[in-house]
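Working notes, beginning with the structure itself.
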Amino acid sequence: MAGMTTHLITGAGSGIGAAVARRLHERGDDLVLVARDAGRAKEFEARYPGAGTLVADLADPDRISWALGHQSMPESVDSLLHIAGIVDLGPVGDLRPITWHQQLNVNLIAPAELTRLFLPQLRAVQGHVVFVNSGAGLAAHAEWAAYAASKHGLKALADSLRHEEHAAGVRVTSVYPGRTASPMQAKVHSQEGKEYDASRWIDPESVATAILTALDLPRDAEINDLTVRPGR
């Protein structure tokens, strides 16, 4: 039986997003999954029976509103979970505008645009917006400038949104995972020239548990910022 709670999720294809989507689906909540193209949407529908999908390319935030305007939207959205993200490392001296634009578009501008588009529905139910940020959203290291800038911006977006929407009853949570065993982490290790050992890093399931804790917290409280670090 379908749940009464509807979660709109980006990044459900792998890593933390896949773990969160699976957990919510298993407990009977309704899912609406953002897919970059129709093929990906079909994969999601097969993996999560009963889930809805919306096709929108987060790498092209200028067209998200247009894309969603040509699809049937969910009647209600209780939570908006921004989990999609991309990373591309390099020293400032080598980073060209395209690398900055790609990461800012997917990691910051697309979440801002999706939030804008779904805020009326979130306000109507006193919903919850969760931004999966990164340790890089709190501190920037060498060769992480573009990614960290996008994640520092995401922190600012969440903080501003929290102040703006508090009176409307919309909860806003930022989650800052440390290095998590995922395809993104494998790419980071490749770019760093290091061997990737998934067992050294956080299991995506553990971050999913942290996100569900924030979602399920009773209404008398909200988790604003949640830092999750490797425990071994």
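Residue numbering restarts at 1 for every chain of the structure tokens, chains are lettered A, B, ... in their displayed order, and ligands are numbered from 1 as they appear.
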Selection: 12 Å around Ala112 of chain A, only C-alpha atoms, excl. self and same-chain fewer than 3 positions, as a PyMOL selection string
chain A and resi 58+61-62+64-65+80-82+104-109+115-119+129-131+150+153-158+160-161
From segment 29-226 of chain A, collect each residue whose DSSP state is helix (DSSP H, G or I) and return the set as a PyMOL selection string.
chain A and resi 38-47+61-69+97-125+135-137+145-168+183-192+198-200+204-216
Any idea what's packed within 9 Å of segment 9-17 of chain A, counting only C-alpha atoms, ignoring anything in its chain fewer than 4 positions away? Could you give it as a PDB file with all heavy atoms, in the first residue's frame?
```pdb
ATOM      1  N   ALA A  21      16.600   6.288  -1.238  1.00  0.00           N
ATOM      2  CA  ALA A  21      15.413   5.924  -2.016  1.00  0.00           C
ATOM      3  C   ALA A  21      14.953   4.512  -1.662  1.00  0.00           C
ATOM      4  O   ALA A  21      13.752   4.268  -1.470  1.00  0.00           O
ATOM      5  CB  ALA A  21      15.704   6.029  -3.510  1.00  0.00           C
ATOM      6  N   ARG A  22      15.887   3.574  -1.552  1.00  0.00           N
ATOM      7  CA  ARG A  22      15.518   2.195  -1.240  1.00  0.00           C
ATOM      8  C   ARG A  22      14.869   2.101   0.136  1.00  0.00           C
ATOM      9  O   ARG A  22      13.844   1.435   0.312  1.00  0.00           O
ATOM     10  CB  ARG A  22      16.751   1.290  -1.306  1.00  0.00           C
ATOM     11  CG  ARG A  22      16.431  -0.180  -1.049  1.00  0.00           C
ATOM     12  CD  ARG A  22      17.679  -1.033  -1.041  1.00  0.00           C
ATOM     13  NE  ARG A  22      18.654  -0.563  -0.063  1.00  0.00           N
ATOM     14  CZ  ARG A  22      18.556  -0.760   1.247  1.00  0.00           C
ATOM     15  NH1 ARG A  22      17.512  -1.379   1.759  1.00  0.00           N
ATOM     16  NH2 ARG A  22      19.481  -0.303   2.066  1.00  0.00           N
ATOM     17  N   LEU A  31       7.612   7.807  -3.695  1.00  0.00           N
ATOM     18  CA  LEU A  31       8.815   8.435  -4.234  1.00  0.00           C
ATOM     19  C   LEU A  31       8.510   9.106  -5.569  1.00  0.00           C
ATOM     20  O   LEU A  31       7.759   8.572  -6.385  1.00  0.00           O
ATOM     21  CB  LEU A  31       9.920   7.395  -4.471  1.00  0.00           C
ATOM     22  CG  LEU A  31      10.379   6.525  -3.306  1.00  0.00           C
ATOM     23  CD1 LEU A  31      11.537   5.634  -3.756  1.00  0.00           C
ATOM     24  CD2 LEU A  31      10.790   7.375  -2.113  1.00  0.00           C
ATOM     25  N   VAL A  32       9.117  10.273  -5.776  1.00  0.00           N
ATOM     26  CA  VAL A  32       9.181  10.901  -7.094  1.00  0.00           C
ATOM     27  C   VAL A  32      10.659  11.155  -7.343  1.00  0.00           C
ATOM     28  O   VAL A  32      11.306  11.917  -6.615  1.00  0.00           O
ATOM     29  CB  VAL A  32       8.388  12.218  -7.158  1.00  0.00           C
ATOM     30  CG1 VAL A  32       8.517  12.831  -8.542  1.00  0.00           C
ATOM     31  CG2 VAL A  32       6.924  11.981  -6.805  1.00  0.00           C
ATOM     32  N   LEU A  33      11.215  10.472  -8.349  1.00  0.00           N
ATOM     33  CA  LEU A  33      12.655  10.484  -8.574  1.00  0.00           C
ATOM     34  C   LEU A  33      12.995  11.306  -9.806  1.00  0.00           C
ATOM     35  O   LEU A  33      12.407  11.110 -10.881  1.00  0.00           O
ATOM     36  CB  LEU A  33      13.161   9.046  -8.735  1.00  0.00           C
ATOM     37  CG  LEU A  33      12.748   8.094  -7.590  1.00  0.00           C
ATOM     38  CD1 LEU A  33      13.152   6.665  -7.909  1.00  0.00           C
ATOM     39  CD2 LEU A  33      13.350   8.552  -6.267  1.00  0.00           C
ATOM     40  N   VAL A  34      13.929  12.226  -9.635  1.00  0.00           N
ATOM     41  CA  VAL A  34      14.362  13.059 -10.756  1.00  0.00           C
ATOM     42  C   VAL A  34      15.410  12.292 -11.558  1.00  0.00           C
ATOM     43  O   VAL A  34      16.435  11.860 -11.019  1.00  0.00           O
ATOM     44  CB  VAL A  34      14.938  14.397 -10.261  1.00  0.00           C
ATOM     45  CG1 VAL A  34      15.434  15.230 -11.449  1.00  0.00           C
ATOM     46  CG2 VAL A  34      13.875  15.175  -9.474  1.00  0.00           C
ATOM     47  N   ALA A  35      15.143  12.104 -12.842  1.00  0.00           N
ATOM     48  CA  ALA A  35      16.030  11.367 -13.736  1.00  0.00           C
ATOM     49  C   ALA A  35      16.539  12.305 -14.828  1.00  0.00           C
ATOM     50  O   ALA A  35      15.813  13.187 -15.284  1.00  0.00           O
ATOM     51  CB  ALA A  35      15.288  10.199 -14.374  1.00  0.00           C
ATOM     52  N   ARG A  40      16.854   6.702 -18.007  1.00  0.00           N
ATOM     53  CA  ARG A  40      17.113   6.622 -16.567  1.00  0.00           C
ATOM     54  C   ARG A  40      15.792   6.539 -15.802  1.00  0.00           C
ATOM     55  O   ARG A  40      15.687   5.813 -14.814  1.00  0.00           O
ATOM     56  CB  ARG A  40      17.896   7.866 -16.135  1.00  0.00           C
ATOM     57  CG  ARG A  40      18.408   7.839 -14.715  1.00  0.00           C
ATOM     58  CD  ARG A  40      19.541   6.855 -14.553  1.00  0.00           C
ATOM     59  NE  ARG A  40      20.456   7.301 -13.504  1.00  0.00           N
ATOM     60  CZ  ARG A  40      21.491   6.569 -13.094  1.00  0.00           C
ATOM     61  NH1 ARG A  40      21.722   5.407 -13.653  1.00  0.00           N
ATOM     62  NH2 ARG A  40      22.275   7.006 -12.142  1.00  0.00           N
ATOM     63  N   GLU A  43      14.601   3.035 -15.768  1.00  0.00           N
ATOM     64  CA  GLU A  43      15.380   2.247 -14.809  1.00  0.00           C
ATOM     65  C   GLU A  43      14.839   2.435 -13.400  1.00  0.00           C
ATOM     66  O   GLU A  43      14.675   1.474 -12.640  1.00  0.00           O
ATOM     67  CB  GLU A  43      16.854   2.676 -14.839  1.00  0.00           C
ATOM     68  CG  GLU A  43      17.640   2.231 -16.047  1.00  0.00           C
ATOM     69  CD  GLU A  43      19.065   2.792 -16.003  1.00  0.00           C
ATOM     70  OE1 GLU A  43      19.599   3.007 -14.890  1.00  0.00           O
ATOM     71  OE2 GLU A  43      19.629   3.037 -17.081  1.00  0.00           O
ATOM     72  N   PHE A  44      14.568   3.682 -13.033  1.00  0.00           N
ATOM     73  CA  PHE A  44      14.054   3.976 -11.694  1.00  0.00           C
ATOM     74  C   PHE A  44      12.694   3.318 -11.472  1.00  0.00           C
ATOM     75  O   PHE A  44      12.414   2.771 -10.404  1.00  0.00           O
ATOM     76  CB  PHE A  44      13.930   5.486 -11.479  1.00  0.00           C
ATOM     77  CG  PHE A  44      15.241   6.197 -11.265  1.00  0.00           C
ATOM     78  CD1 PHE A  44      15.346   7.563 -11.494  1.00  0.00           C
ATOM     79  CD2 PHE A  44      16.364   5.519 -10.821  1.00  0.00           C
ATOM     80  CE1 PHE A  44      16.538   8.237 -11.283  1.00  0.00           C
ATOM     81  CE2 PHE A  44      17.567   6.180 -10.613  1.00  0.00           C
ATOM     82  CZ  PHE A  44      17.650   7.542 -10.846  1.00  0.00           C
ATOM     83  N   LEU A  58      19.881  18.201 -14.387  1.00  0.00           N
ATOM     84  CA  LEU A  58      20.369  19.156 -13.396  1.00  0.00           C
ATOM     85  C   LEU A  58      21.576  19.941 -13.908  1.00  0.00           C
ATOM     86  O   LEU A  58      21.893  20.998 -13.362  1.00  0.00           O
ATOM     87  CB  LEU A  58      20.734  18.425 -12.097  1.00  0.00           C
ATOM     88  CG  LEU A  58      19.619  17.597 -11.454  1.00  0.00           C
ATOM     89  CD1 LEU A  58      20.088  17.028 -10.125  1.00  0.00           C
ATOM     90  CD2 LEU A  58      18.349  18.417 -11.280  1.00  0.00           C
ATOM     91  N   SER A  79       8.741  16.087   1.249  1.00  0.00           N
ATOM     92  CA  SER A  79      10.163  16.383   1.424  1.00  0.00           C
ATOM     93  C   SER A  79      10.847  16.449   0.068  1.00  0.00           C
ATOM     94  O   SER A  79      10.480  15.738  -0.869  1.00  0.00           O
ATOM     95  CB  SER A  79      10.855  15.337   2.317  1.00  0.00           C
ATOM     96  OG  SER A  79      11.210  14.192   1.582  1.00  0.00           O
ATOM     97  N   LEU A  80      11.815  17.346  -0.005  1.00  0.00           N
ATOM     98  CA  LEU A  80      12.638  17.530  -1.202  1.00  0.00           C
ATOM     99  C   LEU A  80      14.069  17.207  -0.787  1.00  0.00           C
ATOM    100  O   LEU A  80      14.650  17.894   0.065  1.00  0.00           O
ATOM    101  CB  LEU A  80      12.513  18.975  -1.698  1.00  0.00           C
ATOM    102  CG  LEU A  80      13.393  19.420  -2.864  1.00  0.00           C
ATOM    103  CD1 LEU A  80      13.232  18.500  -4.070  1.00  0.00           C
ATOM    104  CD2 LEU A  80      13.062  20.862  -3.241  1.00  0.00           C
ATOM    105  N   LEU A  81      14.602  16.137  -1.360  1.00  0.00           N
ATOM    106  CA  LEU A  81      15.920  15.645  -0.949  1.00  0.00           C
ATOM    107  C   LEU A  81      16.924  15.862  -2.077  1.00  0.00           C
ATOM    108  O   LEU A  81      16.894  15.178  -3.102  1.00  0.00           O
ATOM    109  CB  LEU A  81      15.843  14.153  -0.593  1.00  0.00           C
ATOM    110  CG  LEU A  81      14.754  13.760   0.412  1.00  0.00           C
ATOM    111  CD1 LEU A  81      14.737  12.249   0.633  1.00  0.00           C
ATOM    112  CD2 LEU A  81      14.957  14.475   1.727  1.00  0.00           C
ATOM    113  N   HIS A  82      17.797  16.834  -1.872  1.00  0.00           N
ATOM    114  CA  HIS A  82      18.821  17.164  -2.877  1.00  0.00           C
ATOM    115  C   HIS A  82      20.061  16.313  -2.593  1.00  0.00           C
ATOM    116  O   HIS A  82      20.866  16.645  -1.724  1.00  0.00           O
ATOM    117  CB  HIS A  82      19.197  18.641  -2.789  1.00  0.00           C
ATOM    118  CG  HIS A  82      18.082  19.594  -3.067  1.00  0.00           C
ATOM    119  ND1 HIS A  82      17.570  19.788  -4.331  1.00  0.00           N
ATOM    120  CD2 HIS A  82      17.385  20.434  -2.249  1.00  0.00           C
ATOM    121  CE1 HIS A  82      16.607  20.702  -4.280  1.00  0.00           C
ATOM    122  NE2 HIS A  82      16.478  21.106  -3.036  1.00  0.00           N
ATOM    123  N   ILE A  83      20.204  15.216  -3.339  1.00  0.00           N
ATOM    124  CA  ILE A  83      21.327  14.304  -3.071  1.00  0.00           C
ATOM    125  C   ILE A  83      22.278  14.206  -4.262  1.00  0.00           C
ATOM    126  O   ILE A  83      23.433  13.838  -4.115  1.00  0.00           O
ATOM    127  CB  ILE A  83      20.795  12.907  -2.659  1.00  0.00           C
ATOM    128  CG1 ILE A  83      19.755  13.056  -1.539  1.00  0.00           C
ATOM    129  CG2 ILE A  83      21.940  12.011  -2.196  1.00  0.00           C
ATOM    130  CD1 ILE A  83      19.172  11.745  -1.035  1.00  0.00           C
ATOM    131  N   ALA A  84      21.828  14.568  -5.455  1.00  0.00           N
ATOM    132  CA  ALA A  84      22.698  14.505  -6.637  1.00  0.00           C
ATOM    133  C   ALA A  84      23.866  15.467  -6.492  1.00  0.00           C
ATOM    134  O   ALA A  84      23.741  16.541  -5.901  1.00  0.00           O
ATOM    135  CB  ALA A  84      21.894  14.850  -7.889  1.00  0.00           C
ATOM    136  N   GLY A  85      25.005  15.077  -7.038  1.00  0.00           N
ATOM    137  CA  GLY A  85      26.168  15.966  -7.036  1.00  0.00           C
ATOM    138  C   GLY A  85      27.243  15.432  -7.961  1.00  0.00           C
ATOM    139  O   GLY A  85      27.270  14.236  -8.265  1.00  0.00           O
ATOM    140  N   PRO A 111      19.691  22.694  -7.407  1.00  0.00           N
ATOM    141  CA  PRO A 111      18.933  22.596  -6.148  1.00  0.00           C
ATOM    142  C   PRO A 111      18.142  23.874  -5.830  1.00  0.00           C
ATOM    143  O   PRO A 111      17.004  23.790  -5.345  1.00  0.00           O
ATOM    144  CB  PRO A 111      20.019  22.348  -5.102  1.00  0.00           C
ATOM    145  CG  PRO A 111      21.113  21.679  -5.853  1.00  0.00           C
ATOM    146  CD  PRO A 111      21.094  22.294  -7.225  1.00  0.00           C
ATOM    147  N   VAL A 132      22.027  17.454   0.829  1.00  0.00           N
ATOM    148  CA  VAL A 132      23.206  16.645   1.136  1.00  0.00           C
ATOM    149  C   VAL A 132      24.411  17.418   0.633  1.00  0.00           C
ATOM    150  O   VAL A 132      24.658  17.532  -0.563  1.00  0.00           O
ATOM    151  CB  VAL A 132      23.122  15.241   0.519  1.00  0.00           C
ATOM    152  CG1 VAL A 132      24.425  14.484   0.743  1.00  0.00           C
ATOM    153  CG2 VAL A 132      21.967  14.474   1.162  1.00  0.00           C
ATOM    154  N   THR A 180      32.454   9.102   1.521  1.00  0.00           N
ATOM    155  CA  THR A 180      31.483   8.013   1.537  1.00  0.00           C
ATOM    156  C   THR A 180      31.775   7.072   0.378  1.00  0.00           C
ATOM    157  O   THR A 180      32.097   7.514  -0.728  1.00  0.00           O
ATOM    158  CB  THR A 180      30.055   8.583   1.427  1.00  0.00           C
ATOM    159  OG1 THR A 180      29.842   9.499   2.510  1.00  0.00           O
ATOM    160  CG2 THR A 180      29.008   7.491   1.475  1.00  0.00           C
ATOM    161  N   ALA A 181      31.677   5.782   0.638  1.00  0.00           N
ATOM    162  CA  ALA A 181      31.959   4.772  -0.387  1.00  0.00           C
ATOM    163  C   ALA A 181      30.906   4.850  -1.487  1.00  0.00           C
ATOM    164  O   ALA A 181      29.766   4.438  -1.298  1.00  0.00           O
ATOM    165  CB  ALA A 181      31.982   3.387   0.240  1.00  0.00           C
ATOM    166  N   SER A 182      31.277   5.396  -2.626  1.00  0.00           N
ATOM    167  CA  SER A 182      30.334   5.625  -3.723  1.00  0.00           C
ATOM    168  C   SER A 182      31.113   5.787  -5.021  1.00  0.00           C
ATOM    169  O   SER A 182      32.337   5.961  -5.011  1.00  0.00           O
ATOM    170  CB  SER A 182      29.525   6.900  -3.457  1.00  0.00           C
ATOM    171  OG  SER A 182      30.381   8.029  -3.506  1.00  0.00           O
ATOM    172  N   PRO A 183      30.412   5.757  -6.169  1.00  0.00           N
ATOM    173  CA  PRO A 183      31.111   6.003  -7.439  1.00  0.00           C
ATOM    174  C   PRO A 183      31.825   7.359  -7.450  1.00  0.00           C
ATOM    175  O   PRO A 183      32.902   7.492  -8.030  1.00  0.00           O
ATOM    176  CB  PRO A 183      29.976   5.958  -8.470  1.00  0.00           C
ATOM    177  CG  PRO A 183      28.950   5.056  -7.855  1.00  0.00           C
ATOM    178  CD  PRO A 183      29.009   5.337  -6.380  1.00  0.00           C
ATOM    179  N   MET A 184      31.231   8.381  -6.797  1.00  0.00           N
ATOM    180  CA  MET A 184      31.889   9.686  -6.739  1.00  0.00           C
ATOM    181  C   MET A 184      33.230   9.577  -6.028  1.00  0.00           C
ATOM    182  O   MET A 184      34.237  10.154  -6.468  1.00  0.00           O
ATOM    183  CB  MET A 184      31.001  10.710  -6.027  1.00  0.00           C
ATOM    184  CG  MET A 184      31.667  12.085  -5.877  1.00  0.00           C
ATOM    185  SD  MET A 184      30.704  13.267  -4.901  1.00  0.00           S
ATOM    186  CE  MET A 184      29.508  13.811  -6.108  1.00  0.00           C
ATOM    187  N   ASP A 203      29.783   3.962   4.838  1.00  0.00           N
ATOM    188  CA  ASP A 203      28.819   3.236   4.025  1.00  0.00           C
ATOM    189  C   ASP A 203      27.652   4.190   3.722  1.00  0.00           C
ATOM    190  O   ASP A 203      27.161   4.864   4.631  1.00  0.00           O
ATOM    191  CB  ASP A 203      28.306   2.027   4.807  1.00  0.00           C
ATOM    192  CG  ASP A 203      27.465   1.089   3.956  1.00  0.00           C
ATOM    193  OD1 ASP A 203      26.548   1.570   3.251  1.00  0.00           O
ATOM    194  OD2 ASP A 203      27.713  -0.129   4.001  1.00  0.00           O
ATOM    195  N   PRO A 204      27.212   4.258   2.460  1.00  0.00           N
ATOM    196  CA  PRO A 204      26.070   5.130   2.145  1.00  0.00           C
ATOM    197  C   PRO A 204      24.858   4.866   3.031  1.00  0.00           C
ATOM    198  O   PRO A 204      24.071   5.781   3.311  1.00  0.00           O
ATOM    199  CB  PRO A 204      25.762   4.802   0.676  1.00  0.00           C
ATOM    200  CG  PRO A 204      27.060   4.319   0.113  1.00  0.00           C
ATOM    201  CD  PRO A 204      27.751   3.607   1.239  1.00  0.00           C
ATOM    202  N   GLU A 205      24.703   3.626   3.486  1.00  0.00           N
ATOM    203  CA  GLU A 205      23.575   3.287   4.360  1.00  0.00           C
ATOM    204  C   GLU A 205      23.622   4.082   5.660  1.00  0.00           C
ATOM    205  O   GLU A 205      22.578   4.425   6.231  1.00  0.00           O
ATOM    206  CB  GLU A 205      23.570   1.782   4.668  1.00  0.00           C
ATOM    207  CG  GLU A 205      23.278   0.906   3.474  1.00  0.00           C
ATOM    208  CD  GLU A 205      21.845   1.031   2.967  1.00  0.00           C
ATOM    209  OE1 GLU A 205      20.968   1.453   3.752  1.00  0.00           O
ATOM    210  OE2 GLU A 205      21.618   0.711   1.786  1.00  0.00           O
ATOM    211  N   SER A 206      24.828   4.367   6.135  1.00  0.00           N
ATOM    212  CA  SER A 206      24.966   5.118   7.385  1.00  0.00           C
ATOM    213  C   SER A 206      24.532   6.565   7.194  1.00  0.00           C
ATOM    214  O   SER A 206      23.899   7.163   8.074  1.00  0.00           O
ATOM    215  CB  SER A 206      26.405   5.050   7.892  1.00  0.00           C
ATOM    216  OG  SER A 206      26.765   3.705   8.144  1.00  0.00           O
ATOM    217  N   VAL A 207      24.863   7.150   6.046  1.00  0.00           N
ATOM    218  CA  VAL A 207      24.412   8.510   5.759  1.00  0.00           C
ATOM    219  C   VAL A 207      22.896   8.519   5.559  1.00  0.00           C
ATOM    220  O   VAL A 207      22.200   9.442   6.004  1.00  0.00           O
ATOM    221  CB  VAL A 207      25.129   9.083   4.521  1.00  0.00           C
ATOM    222  CG1 VAL A 207      24.690  10.525   4.271  1.00  0.00           C
ATOM    223  CG2 VAL A 207      26.643   9.025   4.701  1.00  0.00           C
ATOM    224  N   ALA A 208      22.377   7.464   4.915  1.00  0.00           N
ATOM    225  CA  ALA A 208      20.928   7.358   4.739  1.00  0.00           C
ATOM    226  C   ALA A 208      20.224   7.329   6.094  1.00  0.00           C
ATOM    227  O   ALA A 208      19.175   7.962   6.277  1.00  0.00           O
ATOM    228  CB  ALA A 208      20.585   6.100   3.928  1.00  0.00           C
TER     229      ALA A 208
END
```
So what do you get for atom CA of Ala67 of chain A versus atom CA of Asp37 of chain A, distance-wise?
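Distance between the two atoms: 10.7 Å.
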Interatomic distance (Å, one decimal) between atom CA of Ala110 of chain A and atom CA of Ile86 of chain A
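If I compute the distance from atom CA of Ala110 of chain A to atom CA of Ile86 of chain A, I get 11.9 Å.
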Point-to-point distance from atom CA of Asp78 of chain A to atom CA of Gly127 of chain A, Å rounded to tenths:
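One can read the atom CA of Asp78 of chain A to atom CA of Gly127 of chain A distance as 4.6 Å.
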Selected residue of minimal separation from Leu122 of chain A among A:Asp197, A:Glu75, A:Asp94, A:Asp60, counting only C-alpha atoms
A:Glu75
Min atom-atom distance to Gly28 of chain A from the set A:Ala41, A:Ala59, A:Ala51, A:Val172, counting only C-alpha atoms, belongs to A:Ala51
Smallest atom-to-atom distance to Ala56 of chain A: which of A:His152, A:Glu113, A:Leu24, A:Leu95, using only C-alpha atoms?
A:Glu113
Please return, as a list of chain:residue names, all residues of segment 94-202 of chain A that DSSP assigns to strand (DSSP E) on the basis of the backbone.
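DSSP-assigned strand (DSSP E) residues in segment 94-202 of chain A: A:His128, A:Val129, A:Val130, A:Phe131, A:Val132, A:Arg171, A:Val172, A:Thr173, A:Ser174, A:Val175, A:Tyr176, A:Pro177.
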Can you pull out the residues contacting Tyr147 of chain A? Cut-off 7 Å, using only C-alpha atoms, and skip same-chain residues under 5 positions away; I want them as a VMD selection string.
chain A and resid 87 to 88 103
